[in-house]
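What follows is a single structure, written as structure tokens, with notes after it.
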Amino acid sequence: MDPSLFLPLGIALGLGLLVGAEREWAARGTAGVRTFPLITVLGVLCGALSERYGGWTVAAGLVALAGFIIQSNVIQAKAGQFGAGLTSEMAALVMFLVGVALASGLTAPALAIGGGVAVLLHWKTPLHDFVHALGEEDFKAISRLTLVALVILPILPNRAYGPYGVLNPFLIWLMVALIVGISLGAYVVAKLLGPRAGVLLGGLLGGLVSSTAATVTYARDSRRSGAAAGPAAAMIMLAAAVVFARILFEVGVVAPRQFAGMAPPFICMLGVTALLSAASYRLAGPLDEEQKRPTPSTHLRAAIAFGLMYAVVSLAVAAAKERFGQSGVLAVAALSGLTDINAITLSTAQLARNGYLSTDSAWRAILVAAMANVAFKGIAVAVLGRPRLFARVLALFGLTLAAGACLLRFVA
């Protein structure tokens, strides 16, 4: 026997014992702690023999296993012990093929699948509880996200159109998908971990993915209930704070030598926005009964409207750049920051690293872009959100802009 076969046999034995022990502990079924290791080892042997005698050995092993499963179920049915589920039977077939994969050298996928089978079998109760807790509106929301992100987005052309080459259908629709995904993600977090956890994790997720999209999402949601203004303001402010952490990370990666000179203003802004986030979270107030029963809000009409607005602003920014050129760095940064902080941050840090822009000019340009983005998000809240939410966000964003203005004015 080939000595190299002992490793896949050992792994197969371990994975079979793991899955078999779970089945033995969960319930009496077709296979248990002794049968599953034998099934997985059989898969390894059939896979190894197929290299010499052909693939029919794997097919024969699979047919034989299916025959044994059928025979066992027939015997249990006659004895009145047969259950309605087929989970153990399907797990047996999968573990046989895991053994075949091990014999073929696909060790990593086989380990992942074998471990995944054990986890999936063990999570029977939580998975069933989660599915039973879903309602019709939940499935509609999931279907909308699937349509937006998995059906429409992949077929859109990923190329630029328009007079300035900035209207990319794929990127514009990606923003729509982000809005729908953030809304559904925050809802799932709130439903699984509670509304308060949804406030914190929803804001963090929004800031990491797209603070602008998160702001639009929470502003739109606030129109459904005036009581949602407090938590929505907290999530919007937390998403805005995460932006400055992201700026620090991007500058550190692109221009590590200039990081020490560019980082202090953004560390100050991160501190200010973090304190404002904490204050807004404390002042959010208690959640009412409607908020304690979160509902999915993935309305496509508002998301598409924002996608169109995003495209119009992108076109306006390109036109301004064409007219003013690169001489007005701050003006270009302010215009670029309206829709995207990442582009101006990375390009400015790159210029600073290559010596085309001083460290002082670089951090000022990025800060101006960040302030313009804060102002743009404030306008979005005013247009899409309720007046009560806008009043809260106006105070929070006003203090943020004041802090940025002081840095621009007094830091040399």
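Residues are referred to by chain and number: the chain letter is A, B, ... according to the order shown in the structure tokens, the number counts from 1 in that chain, and ligands are numbered separately from 1 in the order shown.
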
(request) Can you pull out every residue within 6 Å of Ala241 (chain A), counting only C-alpha atoms, but drop anything in the same chain fewer than 5 positions away, and send it as a PyMOL selection string? (result) chain A and resi 270+273-274

Could you list, as a PDB file with C-alpha atoms, in the first residue's frame, every residue within 10 Å of Ala26 (chain A), counting only C-alpha atoms and ignoring same-chain residues fewer than 4 positions away?
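Below is the file that was written, around.pdb:
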```pdb
ATOM      1  CA  GLY A  20     -20.698  10.009  13.883  1.00  0.00           C
ATOM      2  CA  ALA A  21     -20.370  11.175  17.493  1.00  0.00           C
ATOM      3  CA  GLU A  22     -22.737  14.065  16.761  1.00  0.00           C
ATOM      4  CA  GLY A  32     -23.560   6.511  14.354  1.00  0.00           C
ATOM      5  CA  LEU A 121     -25.902  18.796  12.086  1.00  0.00           C
ATOM      6  CA  HIS A 122     -25.253  20.202  15.563  1.00  0.00           C
ATOM      7  CA  LYS A 124     -30.325  21.826  14.064  1.00  0.00           C
TER       8      LYS A 124
END
```

(request) Rank A:Ile69, A:Leu174, A:Leu9, A:Ala59 by their smallest atom-to-atom distance to Ser104 (chain A), using only C-alpha atoms, and report the top residue only. (result) A:Leu9

With only C-alpha atoms as the counted atoms, please give the residues lying no more than 9 Å from Pro157 (chain A), apart from itself and same-chain residues fewer than 3 positions off, as a short mmCIF file (atom, residue, chain, number, x, y, z; two decimals) with C-alpha atoms, in the first residue's frame.
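What follows is the written file out.cif:
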```
data_model
loop_
_atom_site.label_atom_id
_atom_site.label_comp_id
_atom_site.auth_asym_id
_atom_site.auth_seq_id
_atom_site.Cartn_x
_atom_site.Cartn_y
_atom_site.Cartn_z
CA LEU A 153 -25.60 43.50 -10.46
CA PRO A 154 -23.50 40.77 -12.16
CA ALA A 160 -17.57 53.99 -17.80
CA ASN A 168 -20.37 53.22 -14.50
CA PRO A 169 -23.64 51.21 -14.31
CA PHE A 170 -22.01 48.47 -12.23
#
```

Would you write out, as a Markdown table, a table of all residues in region 72-124 of chain A that have an atom no more than 7 Å from an atom of region 34-50 of chain A, listing for each the closest atom pair and the distance in Å to one decimal, considering only C-alpha atoms and ordering rows by chain and rising residue number?
```
| residue | atom | partner | partner_atom | distance |
| --- | --- | --- | --- | --- |
| A:Ala92 | CA | A:Phe36 | CA | 6.7 |
| A:Met95 | CA | A:Thr40 | CA | 5.4 |
| A:Phe96 | CA | A:Gly43 | CA | 4.6 |
| A:Leu97 | CA | A:Gly43 | CA | 6.0 |
| A:Val98 | CA | A:Thr40 | CA | 6.7 |
| A:Gly99 | CA | A:Gly43 | CA | 4.1 |
| A:Val100 | CA | A:Gly47 | CA | 4.5 |
| A:Leu102 | CA | A:Val44 | CA | 6.3 |
| A:Ala103 | CA | A:Val44 | CA | 5.0 |
| A:Ser104 | CA | A:Gly47 | CA | 6.6 |
```

(message) When you count only C-alpha atoms, which of these residues is closest to Ala213 (chain A): A:Ala177, A:Gly54, A:Gly385, A:Trp363?
(response) A:Ala177

(message) I'd like the contact shell of Ala66 (chain A) - 8 Å cut-off, only C-alpha atoms, skipping same-chain residues fewer than 4 positions apart - returned as JSON, numbers by chain.
(response) {"A": [62, 70, 93]}

(message) Quick one: residues within 10 Å of Leu408 (chain A), only C-alpha atoms, excluding same-chain residues fewer than 3 positions away - as a ChimeraX atom specification?
(response) /A:265,363-365,367-368,402-405,411-412

(message) Could you check the closest approach to Phe376 (chain A) for each of A:Ala391, A:Ala331, A:Leu275, A:Leu401 and tell me which residue wins, using only C-alpha atoms?
(response)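 Ranking A:Ala391, A:Ala331, A:Leu275, A:Leu401 by distance to Phe376 (chain A), first place goes to A:Leu401.
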